[in-house]
file model-v1.cif (mmCIF, C-alpha atoms)
data_structure
#
loop_
_atom_site.label_atom_id
_atom_site.label_comp_id
_atom_site.auth_asym_id
_atom_site.auth_seq_id
_atom_site.Cartn_x
_atom_site.Cartn_y
_atom_site.Cartn_z
CA MET A 1 0.00 0.00 0.00
CA ILE A 2 0.97 3.65 -0.47
CA TYR A 3 0.57 5.52 2.81
CA GLN A 4 0.73 9.34 2.90
CA PHE A 5 1.35 11.52 5.94
CA LEU A 6 -1.03 14.49 6.04
CA GLN A 7 -0.46 18.00 7.42
CA ASP A 8 -1.96 17.11 10.80
CA GLU A 9 0.43 14.09 10.99
CA THR A 10 -2.38 11.58 10.52
CA GLY A 11 -2.11 9.25 7.53
CA ILE A 12 -4.22 7.86 4.70
CA VAL A 13 -3.91 4.84 2.40
CA LEU A 14 -3.88 6.21 -1.16
CA ALA A 15 -3.36 2.99 -3.12
CA GLU A 16 -3.08 -0.73 -2.52
CA SER A 17 -2.56 -4.08 -4.18
CA ILE A 18 -3.97 -7.16 -2.43
CA LYS A 19 -3.40 -10.88 -2.80
CA GLY A 20 -5.18 -13.53 -0.79
CA ASN A 21 -7.89 -12.73 1.73
CA LEU A 22 -6.43 -9.62 3.35
CA PRO A 23 -9.10 -6.92 3.85
CA SER A 24 -8.92 -3.67 1.87
CA ALA A 25 -7.53 -0.60 3.61
CA LEU A 26 -7.93 1.79 0.69
CA GLY A 27 -8.97 5.28 1.78
CA TYR A 28 -8.68 4.45 5.47
CA ARG A 29 -7.33 7.16 7.77
CA HIS A 30 -4.87 6.39 10.55
CA PRO A 31 -4.20 8.50 13.67
CA GLU A 32 -0.82 10.11 14.30
CA PHE A 33 0.06 7.67 17.08
CA ASP A 34 -0.04 4.67 14.70
CA ILE A 35 3.32 5.91 13.38
CA PRO A 36 4.52 8.32 16.10
CA LYS A 37 6.98 11.15 15.64
CA GLN A 38 10.05 9.19 16.76
CA ALA A 39 9.25 6.42 14.26
CA ARG A 40 8.78 8.92 11.42
CA LYS A 41 12.15 10.44 12.28
CA LEU A 42 13.80 7.03 11.97
CA PHE A 43 12.27 6.59 8.51
CA THR A 44 14.19 9.67 7.29
CA THR A 45 17.57 8.10 8.12
CA ASN A 46 16.76 4.41 7.71
CA LEU A 47 14.86 4.13 4.44
CA ASP A 48 13.67 0.56 4.87
CA ARG A 49 12.56 -1.51 7.84
CA GLN A 50 11.30 -5.07 7.96
CA THR A 51 9.93 -7.57 10.42
CA PRO A 52 10.15 -11.06 8.89
CA ASP A 53 8.34 -12.70 11.81
CA ILE A 54 6.61 -10.74 14.54
CA PHE A 55 6.49 -13.84 16.74
CA GLU A 56 10.26 -14.37 16.65
CA GLU A 57 11.86 -13.90 20.04
CA THR A 58 14.02 -10.78 20.36
CA ILE A 59 17.65 -11.07 21.48
CA GLN A 60 19.12 -8.84 24.15
CA ILE A 61 22.30 -6.88 23.44
CA ILE A 62 25.15 -7.62 25.82
CA GLY A 63 27.88 -5.06 26.30
CA LEU A 64 27.48 -1.30 26.31
CA LYS A 65 24.93 0.56 28.36
CA PRO A 66 21.64 1.21 26.51
CA SER A 67 22.36 4.96 26.56
CA GLU A 68 25.61 4.33 24.62
CA ILE A 69 24.04 2.29 21.81
CA ASN A 70 22.61 3.87 18.66
CA LEU A 71 20.57 1.41 16.60
CA SER A 72 18.75 4.01 14.51
CA LYS A 73 20.39 2.76 11.29
CA SER A 74 20.37 -0.92 12.17
CA LYS A 75 18.50 -3.21 9.77
CA ILE A 76 18.02 -5.93 12.39
CA ARG A 77 16.81 -3.71 15.21
CA ALA A 78 13.69 -5.17 16.83
CA MET A 79 10.40 -3.33 16.46
CA SER A 80 8.87 -1.73 19.52
CA PRO A 81 6.51 -3.95 21.54
CA ASN A 82 3.67 -1.57 20.63
CA HIS A 83 4.25 -1.96 16.91
CA LEU A 84 4.53 -5.74 17.20
CA GLN A 85 1.23 -5.84 19.07
CA TYR A 86 -0.26 -3.54 16.41
CA LEU A 87 0.71 -6.06 13.70
CA LYS A 88 -0.63 -8.97 15.75
CA ASN A 89 -3.96 -7.17 16.10
CA THR A 90 -4.16 -6.91 12.29
CA ASN A 91 -3.55 -10.67 11.93
CA LEU A 92 -0.24 -10.17 10.13
CA THR A 93 3.03 -12.01 10.59
CA ALA A 94 5.51 -10.05 8.47
CA SER A 95 5.87 -6.45 7.32
CA ALA A 96 8.27 -4.20 5.44
CA SER A 97 8.20 -0.46 4.92
CA PHE A 98 10.10 1.80 2.51
CA SER A 99 10.36 5.57 2.88
CA ILE A 100 9.06 8.02 0.27
CA ILE A 101 11.13 11.20 0.59
CA ILE A 102 9.84 14.35 -1.15
CA ASP A 103 11.63 17.71 -0.77
CA ASN A 104 13.92 16.11 1.84
CA LYS A 105 10.93 15.29 4.03
CA LEU A 106 9.12 12.05 4.79
CA TRP A 107 6.07 12.21 2.49
CA GLY A 108 4.86 8.68 3.07
CA LEU A 109 5.66 4.97 3.00
CA VAL A 110 5.36 1.96 0.75
CA CYS A 111 4.05 -0.60 3.24
CA CYS A 112 4.15 -4.34 2.51
CA GLN A 113 2.34 -6.81 4.75
CA HIS A 114 2.18 -10.60 4.77
CA GLN A 115 0.19 -13.19 6.70
CA ALA A 116 3.06 -15.68 6.83
CA LYS A 117 6.76 -15.38 7.68
CA LYS A 118 8.67 -13.59 4.94
CA TYR A 119 12.27 -12.41 4.82
CA ILE A 120 13.27 -9.79 2.24
CA THR A 121 16.94 -10.00 1.25
CA ILE A 122 19.20 -6.96 1.21
CA GLN A 123 19.33 -7.16 -2.61
CA GLN A 124 15.54 -7.06 -2.79
CA ARG A 125 15.37 -4.13 -0.36
CA LYS A 126 17.96 -2.20 -2.38
CA LEU A 127 15.96 -2.86 -5.54
CA CYS A 128 12.78 -1.53 -3.86
CA ASN A 129 14.57 1.65 -2.81
CA TYR A 130 16.08 1.93 -6.30
CA ILE A 131 12.56 1.83 -7.81
CA ILE A 132 11.03 4.25 -5.29
CA ASP A 133 13.76 6.91 -5.54
CA PRO A 134 13.29 7.96 -9.22
CA ILE A 135 9.51 7.89 -8.84
CA SER A 136 9.82 10.21 -5.83
CA LYS A 137 12.15 12.49 -7.79
CA HIS A 138 9.70 12.56 -10.73
CA PHE A 139 6.85 13.51 -8.38
CA GLU A 140 9.07 16.14 -6.75
CA ASN A 141 9.96 17.63 -10.16
CA LYS A 142 6.31 17.77 -11.22
CA LYS A 143 5.50 19.63 -8.01
CA ALA A 144 8.36 22.08 -8.61
CA ILE A 145 7.26 22.76 -12.20
CA SER A 146 3.66 23.29 -11.12
CA LYS A 147 4.76 25.62 -8.32
CA LEU A 148 6.98 27.62 -10.68
CA THR A 149 4.16 27.94 -13.24
CA ASN A 150 1.75 29.13 -10.55
CA GLU A 151 4.37 31.55 -9.23
CA ILE A 152 4.84 33.12 -12.67
CA GLN A 153 1.09 33.47 -13.16
CA LEU A 154 0.69 34.90 -9.66
CA LYS A 155 3.50 37.40 -10.19
CA ASP A 156 1.89 38.60 -13.44
CA PHE A 157 -1.41 39.00 -11.60
CA GLU A 158 0.25 40.92 -8.76
CA ASN A 159 1.99 43.29 -11.19
CA GLU A 160 -1.30 43.97 -12.96
CA LEU A 161 -3.08 44.54 -9.63
CA LYS A 162 -0.30 46.82 -8.38
CA GLY A 163 -0.48 48.98 -11.51
CA SER A 164 -4.27 49.26 -11.24
CA ILE A 165 -4.13 50.25 -7.55
CA ILE A 166 -1.44 52.90 -8.11
CA SER A 167 -3.33 54.51 -11.02
CA SER A 168 -6.75 54.26 -9.36
CA LYS A 169 -8.50 56.91 -7.29
CA SER A 170 -10.34 54.26 -5.27
CA THR A 171 -8.40 51.30 -3.88
CA GLN A 172 -11.59 49.66 -2.68
CA TYR A 173 -13.21 49.91 -6.11
CA THR A 174 -10.09 48.49 -7.80
CA LEU A 175 -9.94 45.57 -5.37
CA GLY A 176 -13.60 44.93 -6.09
CA LYS A 177 -12.84 44.65 -9.81
CA TYR A 178 -10.35 41.89 -9.03
CA GLY A 179 -12.66 40.19 -6.51
CA ASN A 180 -13.47 37.16 -8.67
CA ASN A 181 -9.76 36.64 -9.31
CA PHE A 182 -9.16 36.58 -5.56
CA LEU A 183 -11.95 34.05 -5.09
CA LYS A 184 -10.45 31.80 -7.75
CA VAL A 185 -6.92 31.93 -6.31
CA LEU A 186 -8.18 31.21 -2.77
CA SER A 187 -10.99 28.79 -3.68
CA ALA A 188 -13.35 31.01 -1.68
CA SER A 189 -17.08 31.43 -2.26
CA GLY A 190 -17.39 35.06 -1.18
CA LEU A 191 -15.54 38.14 0.00
CA ILE A 192 -16.20 41.44 1.72
CA ILE A 193 -13.96 44.47 1.17
CA SER A 194 -14.55 46.82 4.09
CA PHE A 195 -12.84 50.21 3.98
CA GLY A 196 -14.28 52.53 6.60
CA ALA A 197 -18.06 52.60 6.29
CA ASP A 198 -18.00 51.38 2.67
CA ILE A 199 -18.51 47.68 1.95
CA ILE A 200 -18.21 45.75 -1.31
CA ARG A 201 -19.60 42.21 -1.44
CA ILE A 202 -18.85 39.53 -3.99
CA GLY A 203 -20.28 36.01 -3.96
CA GLU A 204 -21.77 34.31 -0.89
CA THR A 205 -21.34 36.59 2.15
CA PRO A 206 -22.97 37.00 5.59
CA LYS A 207 -25.51 39.76 6.14
CA ASP A 208 -24.38 43.00 7.84
CA ASP A 209 -25.27 42.10 11.45
CA ASP A 210 -23.58 38.72 11.15
CA PHE A 211 -20.51 40.24 9.50
CA TYR A 212 -19.98 42.78 12.29
CA GLN A 213 -20.35 39.99 14.84
CA ILE A 214 -17.76 37.93 12.95
CA LYS A 215 -15.35 40.89 12.98
CA GLU A 216 -15.88 41.32 16.71
CA ASP A 217 -15.39 37.61 17.43
CA ILE A 218 -12.13 37.39 15.50
CA ASP A 219 -10.64 40.77 16.52
CA SER A 220 -11.38 40.12 20.19
CA LEU A 221 -9.52 36.82 20.17
CA TYR A 222 -6.71 37.47 17.72
CA ASP A 223 -4.38 40.36 17.02
CA SER A 224 -6.34 42.70 14.77
CA ASN A 225 -3.20 43.75 12.92
CA THR A 226 -2.46 40.30 11.50
CA ILE A 227 -3.67 37.88 8.86
CA PHE A 228 -6.04 35.33 10.34
CA THR A 229 -7.52 32.09 8.96
CA THR A 230 -9.84 29.43 10.31
CA HIS A 231 -11.65 26.49 8.75
CA GLU A 232 -14.01 26.12 11.72
CA TYR A 233 -15.49 29.49 12.66
CA SER A 234 -18.27 27.73 14.59
CA ASN A 235 -15.71 26.96 17.33
CA ILE A 236 -15.06 30.64 18.09
CA LYS A 237 -18.37 32.35 17.32
CA ASN A 238 -20.23 34.04 20.19
CA ASN A 239 -23.60 34.33 18.51
CA PHE A 240 -25.21 30.91 18.37
CA PHE A 241 -27.77 32.11 15.82
CA ILE A 242 -25.24 32.92 13.09
CA ASP A 243 -25.67 30.30 10.39
CA THR A 244 -22.17 29.06 9.57
CA GLU A 245 -23.18 26.78 6.70
CA ASN A 246 -21.82 29.25 4.13
CA ILE A 247 -19.13 30.82 6.34
CA SER A 248 -17.38 27.91 8.06
CA GLY A 249 -14.05 29.05 6.69
CA ILE A 250 -12.83 32.64 7.09
CA ALA A 251 -9.63 34.40 6.06
CA ARG A 252 -9.09 37.98 7.20
CA ILE A 253 -6.59 40.64 6.20
CA ASN A 254 -6.53 43.76 8.38
CA PHE A 255 -4.62 46.76 7.10
CA ASP A 256 -4.66 48.72 10.37
CA LYS A 257 -4.64 47.86 14.07
CA TYR A 258 -8.27 48.97 14.50
CA GLY A 259 -9.66 46.69 11.79
CA LEU A 260 -11.28 49.62 9.96
CA ASN A 261 -9.84 48.58 6.59
CA SER A 262 -9.99 44.88 5.87
CA ILE A 263 -10.79 42.09 3.44
CA TYR A 264 -12.67 38.97 4.51
CA PHE A 265 -12.86 35.76 2.46
CA PHE A 266 -15.45 33.06 3.14
CA ARG A 267 -15.78 29.35 2.47
CA PRO A 268 -18.86 27.15 2.97
CA GLN A 269 -18.79 24.06 5.11
CA SER A 270 -17.63 20.88 3.43
CA ILE A 271 -19.38 17.85 4.91
CA LYS A 272 -17.03 14.87 4.83
CA ASP A 273 -17.35 11.23 5.73
CA GLU A 274 -14.00 10.00 7.03
CA ILE A 275 -13.30 6.30 7.31
CA TRP A 276 -10.73 5.33 9.93
CA ALA A 277 -8.97 2.00 10.46
CA GLY A 278 -10.66 1.41 13.79
CA GLU A 279 -11.69 4.07 16.28
CA PRO A 280 -8.81 6.63 16.42
CA LYS A 281 -8.52 6.50 20.18
CA LYS A 282 -5.59 5.76 22.47
CA PHE A 283 -6.12 2.80 24.77
CA ILE A 284 -4.15 2.83 28.01
CA GLU A 285 -3.32 -0.48 29.69
CA PHE A 286 -0.88 -1.67 32.32
CA SER A 287 2.37 -2.91 30.73
CA ILE A 288 4.14 -5.71 32.58
CA GLU A 289 7.29 -5.04 30.57
CA CYS A 290 7.36 -1.34 31.52
CA ASN A 291 5.72 -1.86 34.92
CA ALA A 292 3.54 1.17 34.20
CA LEU A 293 0.51 2.34 32.29
CA ALA A 294 1.27 2.49 28.55
CA TYR A 295 -0.43 3.01 25.21
CA SER A 296 -1.89 -0.19 23.75
CA PRO A 297 -2.82 -0.52 20.05
CA ARG A 298 -6.55 -0.83 19.34
CA ALA A 299 -7.81 -4.38 18.88
CA SER A 300 -10.09 -3.69 15.90
CA PHE A 301 -9.23 -2.12 12.57
CA GLU A 302 -12.68 -2.42 11.05
CA ALA A 303 -14.03 0.69 9.33
CA TRP A 304 -14.95 3.41 11.83
CA LYS A 305 -16.86 6.25 10.21
CA LYS A 306 -16.84 9.86 11.31
CA GLN A 307 -18.80 12.67 9.68
CA ILE A 308 -17.16 16.10 9.74
CA ILE A 309 -19.72 18.95 9.92
CA GLY A 310 -19.18 22.67 10.41
CA GLU A 311 -15.75 22.83 8.78
CA SER A 312 -14.64 24.18 5.42
CA GLU A 313 -11.69 23.00 3.39
CA LYS A 314 -8.54 24.00 5.25
CA TRP A 315 -6.55 27.00 4.03
CA THR A 316 -3.33 25.69 2.50
CA GLU A 317 0.14 27.10 3.12
CA ASP A 318 0.20 28.44 -0.45
CA GLU A 319 -3.11 30.24 0.12
CA LYS A 320 -1.88 31.74 3.39
CA PHE A 321 1.26 32.89 1.57
CA PHE A 322 -0.91 34.57 -1.08
CA LEU A 323 -2.84 36.41 1.67
CA HIS A 324 0.47 37.68 3.07
CA ARG A 325 1.64 38.83 -0.36
CA LEU A 326 -1.69 40.55 -1.00
CA TYR A 327 -1.40 42.31 2.35
CA LEU A 328 2.12 43.58 1.58
CA LEU A 329 1.18 44.64 -1.95
CA ILE A 330 -1.76 46.75 -0.80
CA LYS A 331 0.12 48.19 2.20
CA ASN A 332 3.04 49.22 -0.03
CA CYS A 333 0.77 50.82 -2.64
CA VAL A 334 -1.64 52.66 -0.35
CA ILE A 335 -1.24 54.78 2.76
CA ILE A 336 -3.85 53.38 5.17
#
call {"tool": "encode", "arguments": {"input": "model-v1.cif", "output": "structure tokens"}}
result
Amino acid sequence: MIYQFLQDETGIVLAESIKGNLPSALGYRHPEFDIPKQARKLFTTNLDRQTPDIFEETIQIIGLKPSEINLSKSKIRAMSPNHLQYLKNTNLTASASFSIIIDNKLWGLVCCQHQAKKYITIQQRKLCNYIIDPISKHFENKKAISKLTNEIQLKDFENELKGSIISSKSTQYTLGKYGNNFLKVLSASGLIISFGADIIRIGETPKDDDFYQIKEDIDSLYDSNTIFTTHEYSNIKNNFFIDTENISGIARINFDKYGLNSIYFFRPQSIKDEIWAGEPKKFIEFSIECNALAYSPRASFEAWKKQIIGESEKWTEDEKFFLHRLYLLIKNCVII
């Protein structure tokens, strides 16, 4: 299977190939603690790990103190008891994982699982890494080309906007003319340009009373002289009666510390049905080995469904960067 790490450090199975009677895991989400931070760090230095037999007895190391031993790059290092129990709970006997590195970061894993004992030779593991590496580089290059193309288009758009603002008598009116372009770049459904008492609306926007309440909610909680984004406004709103169906996501640019001159972008809620590999919940049990309470992998990996309501699509890093560039462009062109 191809497993991708998401921005929130959870994971999702993007593709799979199955033989035998193993159940499908395609599209299943996995919580962050299935592959914790320390394990992900190891996958950036040790590009392949395997467990030929999870029931094989581990062998203690005799010699140096544990604090003086570094097995991070060892190919025969035993898996953690938690991970071994995790594999047992999925009715597997052998596993192997290969790192997918994109932009020098761990993007995901190629995970191989087997119901019987299976040892993968060093030649086979090298071949797997040899196959994965050029594919990762190809994907990385496609991303770079796409980013460069978007950057050129965005720069042309910024230059055009800058020229229009400088030659215009009304900044607000000029920004309004480019409103639909802003919506397209930010995948937003509506925007409000508020300069003093004048308001320009484009697309789906809240009514006046709701808008002023939104401004108050956000400015009271967050620095009014900064760019702010949220994909779940319902979690910070003070007025229960504001319908957030069309304004679950909000991005705000304030051009002064009082919030008198600002642009607000809105996104509707995006109802999603997430399917998780078992309930994404940590189970704490007493560990005889550790002589303390410890995390225990969940026993069931059957589909656990969760419906997400009241959230919009999250604002991406590229979109947040565009908001920052738009802020600087307008601030540098206009004295506010």
call {"tool": "resolve_selection", "arguments": {"input": "model-v1.cif", "expression": "the PyMOL selection byres ((chain A and resi 319-321) around 9)", "output": "PDB file with C-alpha atoms, in the coordinates of the input"}}
result
ATOM      1  CA  VAL A 185      -6.920  31.930  -6.310  1.00  0.00           C
ATOM      2  CA  LEU A 186      -8.180  31.210  -2.770  1.00  0.00           C
ATOM      3  CA  SER A 187     -10.990  28.790  -3.680  1.00  0.00           C
ATOM      4  CA  ILE A 227      -3.670  37.880   8.860  1.00  0.00           C
ATOM      5  CA  PHE A 228      -6.040  35.330  10.340  1.00  0.00           C
ATOM      6  CA  THR A 229      -7.520  32.090   8.960  1.00  0.00           C
ATOM      7  CA  ALA A 251      -9.630  34.400   6.060  1.00  0.00           C
ATOM      8  CA  TRP A 315      -6.550  27.000   4.030  1.00  0.00           C
ATOM      9  CA  THR A 316      -3.330  25.690   2.500  1.00  0.00           C
ATOM     10  CA  GLU A 317       0.140  27.100   3.120  1.00  0.00           C
ATOM     11  CA  ASP A 318       0.200  28.440  -0.450  1.00  0.00           C
ATOM     12  CA  PHE A 322      -0.910  34.570  -1.080  1.00  0.00           C
ATOM     13  CA  LEU A 323      -2.840  36.410   1.670  1.00  0.00           C
ATOM     14  CA  HIS A 324       0.470  37.680   3.070  1.00  0.00           C
ATOM     15  CA  ARG A 325       1.640  38.830  -0.360  1.00  0.00           C
ATOM     16  CA  LEU A 326      -1.690  40.550  -1.000  1.00  0.00           C
TER      17      LEU A 326
END
call {"tool": "resolve_selection", "arguments": {"input": "model-v1.cif", "expression": "the PyMOL selection byres ((chain A and resi 168-181) around 12)", "output": "ChimeraX atom specification"}}
result
/A:153-154,157-158,160-167,182-204,261-265,326-327,329-331,333-336
call {"tool": "closest_residue", "arguments": {"input": "model-v1.cif", "among": "A:Tyr3, A:Tyr233, A:Phe139, A:Tyr86", "to": "Asp103 (chain A)", "atoms": "all atoms listed in the file"}}
result
A:Phe139
call {"tool": "closest_residue", "arguments": {"input": "model-v1.cif", "among": "A:Ile250, A:Val110, A:Ala303, A:Ile214", "to": "Trp276 (chain A)", "atoms": "only C-alpha atoms"}}
result
A:Ala303
call {"tool": "closest_residue", "arguments": {"input": "model-v1.cif", "among": "A:Lys19, A:His231, A:Lys305, A:Lys73", "to": "Thr45 (chain A)", "atoms": "only C-alpha atoms"}}
result
A:Lys73
call {"tool": "residues_around", "arguments": {"input": "model-v1.cif", "residues": "region 55-66 of chain A", "least_positions_apart": "3", "cutoff": "9 Å", "atoms": "all atoms listed in the file", "output": "list in words"}}
result
Pro52, Ile69, Asn70, Ala78, Leu84, Lys88 and Thr93 of chain A
call {"tool": "write_last_selection", "arguments": {"input": "model-v1.cif", "atoms": "C-alpha atoms", "output": "JSON list (two decimals), in the frame of the given file"}}
result
[["chain", "number", "residue", "atom", "x", "y", "z"],
["A", 52, "PRO", "CA", 10.15, -11.06, 8.89],
["A", 69, "ILE", "CA", 24.04, 2.29, 21.81],
["A", 70, "ASN", "CA", 22.61, 3.87, 18.66],
["A", 78, "ALA", "CA", 13.69, -5.17, 16.83],
["A", 84, "LEU", "CA", 4.53, -5.74, 17.20],
["A", 88, "LYS", "CA", -0.63, -8.97, 15.75],
["A", 93, "THR", "CA", 3.03, -12.01, 10.59]]
call {"tool": "closest_residue", "arguments": {"input": "model-v1.cif", "among": "A:His114, A:Lys282, A:Lys306, A:Arg29", "to": "Asn91 (chain A)", "atoms": "all atoms listed in the file"}}
result
A:His114
call {"tool": "atom_distance", "arguments": {"input": "model-v1.cif", "atom1": "CA of Lys281 (chain A)", "atom2": "CA of Thr44 (chain A)"}}
result
26.3 Å
call {"tool": "residues_around", "arguments": {"input": "model-v1.cif", "residues": "Ser95 (chain A)", "least_positions_apart": "5", "cutoff": "8 Å", "atoms": "all atoms listed in the file", "output": "list of chain:residue names"}}
result
A:Gln50, A:Thr51, A:Pro52, A:Cys111, A:Cys112, A:Gln113, A:His114
call {"tool": "closest_residue", "arguments": {"input": "model-v1.cif", "among": "A:Trp304, A:Phe255, A:Phe33, A:Tyr119", "to": "Ser224 (chain A)", "atoms": "all atoms listed in the file"}}
result
A:Phe255
call {"tool": "closest_residue", "arguments": {"input": "model-v1.cif", "among": "A:Thr149, A:Ser97, A:Asn82, A:Asn246", "to": "Leu47 (chain A)", "atoms": "only C-alpha atoms"}}
result
A:Ser97
call {"tool": "atom_distance", "arguments": {"input": "model-v1.cif", "atom1": "CA of Pro81 (chain A)", "atom2": "CA of Gln123 (chain A)"}}
result
27.5 Å
call {"tool": "build_atoms", "arguments": {"input": "model-v1.cif", "residues": "region 292-300 of chain A", "atoms": "all heavy atoms", "output": "PDB file, keeping the file's coordinate frame"}}
result
ATOM      1  N   ALA A 292       4.241  -0.123  34.141  1.00  0.00           N
ATOM      2  CA  ALA A 292       3.540   1.170  34.200  1.00  0.00           C
ATOM      3  C   ALA A 292       2.417   1.169  33.174  1.00  0.00           C
ATOM      4  O   ALA A 292       2.309   0.257  32.339  1.00  0.00           O
ATOM      5  CB  ALA A 292       4.518   2.306  33.903  1.00  0.00           C
ATOM      6  N   LEU A 293       1.553   2.187  33.286  1.00  0.00           N
ATOM      7  CA  LEU A 293       0.510   2.340  32.290  1.00  0.00           C
ATOM      8  C   LEU A 293       1.143   2.764  30.970  1.00  0.00           C
ATOM      9  O   LEU A 293       2.032   3.614  30.930  1.00  0.00           O
ATOM     10  CB  LEU A 293      -0.517   3.392  32.733  1.00  0.00           C
ATOM     11  CG  LEU A 293      -1.379   3.013  33.950  1.00  0.00           C
ATOM     12  CD1 LEU A 293      -2.253   4.196  34.363  1.00  0.00           C
ATOM     13  CD2 LEU A 293      -2.261   1.801  33.628  1.00  0.00           C
ATOM     14  N   ALA A 294       0.687   2.177  29.857  1.00  0.00           N
ATOM     15  CA  ALA A 294       1.270   2.490  28.550  1.00  0.00           C
ATOM     16  C   ALA A 294       0.193   2.399  27.477  1.00  0.00           C
ATOM     17  O   ALA A 294      -0.858   1.769  27.668  1.00  0.00           O
ATOM     18  CB  ALA A 294       2.407   1.528  28.236  1.00  0.00           C
ATOM     19  N   TYR A 295       0.483   3.047  26.352  1.00  0.00           N
ATOM     20  CA  TYR A 295      -0.430   3.010  25.210  1.00  0.00           C
ATOM     21  C   TYR A 295      -0.490   1.600  24.633  1.00  0.00           C
ATOM     22  O   TYR A 295       0.518   0.948  24.436  1.00  0.00           O
ATOM     23  CB  TYR A 295       0.036   4.011  24.143  1.00  0.00           C
ATOM     24  CG  TYR A 295      -0.466   3.736  22.747  1.00  0.00           C
ATOM     25  CD1 TYR A 295      -1.831   3.783  22.446  1.00  0.00           C
ATOM     26  CD2 TYR A 295       0.424   3.422  21.727  1.00  0.00           C
ATOM     27  CE1 TYR A 295      -2.286   3.516  21.177  1.00  0.00           C
ATOM     28  CE2 TYR A 295      -0.021   3.167  20.442  1.00  0.00           C
ATOM     29  CZ  TYR A 295      -1.385   3.206  20.166  1.00  0.00           C
ATOM     30  OH  TYR A 295      -1.843   2.940  18.896  1.00  0.00           O
ATOM     31  N   SER A 296      -1.707   1.119  24.353  1.00  0.00           N
ATOM     32  CA  SER A 296      -1.890  -0.190  23.750  1.00  0.00           C
ATOM     33  C   SER A 296      -2.635  -0.031  22.425  1.00  0.00           C
ATOM     34  O   SER A 296      -3.646   0.684  22.354  1.00  0.00           O
ATOM     35  CB  SER A 296      -2.717  -1.086  24.692  1.00  0.00           C
ATOM     36  OG  SER A 296      -3.016  -2.316  24.058  1.00  0.00           O
ATOM     37  N   PRO A 297      -2.141  -0.640  21.345  1.00  0.00           N
ATOM     38  CA  PRO A 297      -2.820  -0.520  20.050  1.00  0.00           C
ATOM     39  C   PRO A 297      -4.249  -1.046  20.122  1.00  0.00           C
ATOM     40  O   PRO A 297      -4.549  -1.982  20.871  1.00  0.00           O
ATOM     41  CB  PRO A 297      -1.964  -1.387  19.117  1.00  0.00           C
ATOM     42  CG  PRO A 297      -0.641  -1.497  19.791  1.00  0.00           C
ATOM     43  CD  PRO A 297      -0.940  -1.467  21.260  1.00  0.00           C
ATOM     44  N   ARG A 298      -5.145  -0.411  19.353  1.00  0.00           N
ATOM     45  CA  ARG A 298      -6.550  -0.830  19.340  1.00  0.00           C
ATOM     46  C   ARG A 298      -6.652  -2.247  18.788  1.00  0.00           C
ATOM     47  O   ARG A 298      -5.853  -2.664  17.936  1.00  0.00           O
ATOM     48  CB  ARG A 298      -7.402   0.140  18.545  1.00  0.00           C
ATOM     49  CG  ARG A 298      -6.927   0.392  17.129  1.00  0.00           C
ATOM     50  CD  ARG A 298      -7.529   1.688  16.576  1.00  0.00           C
ATOM     51  NE  ARG A 298      -7.095   1.963  15.209  1.00  0.00           N
ATOM     52  CZ  ARG A 298      -5.919   2.502  14.903  1.00  0.00           C
ATOM     53  NH1 ARG A 298      -5.050   2.790  15.857  1.00  0.00           N
ATOM     54  NH2 ARG A 298      -5.620   2.746  13.640  1.00  0.00           N
ATOM     55  N   ALA A 299      -7.650  -2.973  19.252  1.00  0.00           N
ATOM     56  CA  ALA A 299      -7.810  -4.380  18.880  1.00  0.00           C
ATOM     57  C   ALA A 299      -8.498  -4.544  17.537  1.00  0.00           C
ATOM     58  O   ALA A 299      -8.292  -5.532  16.842  1.00  0.00           O
ATOM     59  CB  ALA A 299      -8.587  -5.125  19.964  1.00  0.00           C
ATOM     60  N   SER A 300      -9.322  -3.575  17.146  1.00  0.00           N
ATOM     61  CA  SER A 300     -10.090  -3.690  15.900  1.00  0.00           C
ATOM     62  C   SER A 300      -9.668  -2.618  14.905  1.00  0.00           C
ATOM     63  O   SER A 300      -9.466  -1.458  15.274  1.00  0.00           O
ATOM     64  CB  SER A 300     -11.588  -3.552  16.195  1.00  0.00           C
ATOM     65  OG  SER A 300     -12.329  -3.489  14.985  1.00  0.00           O
TER      66      SER A 300
END
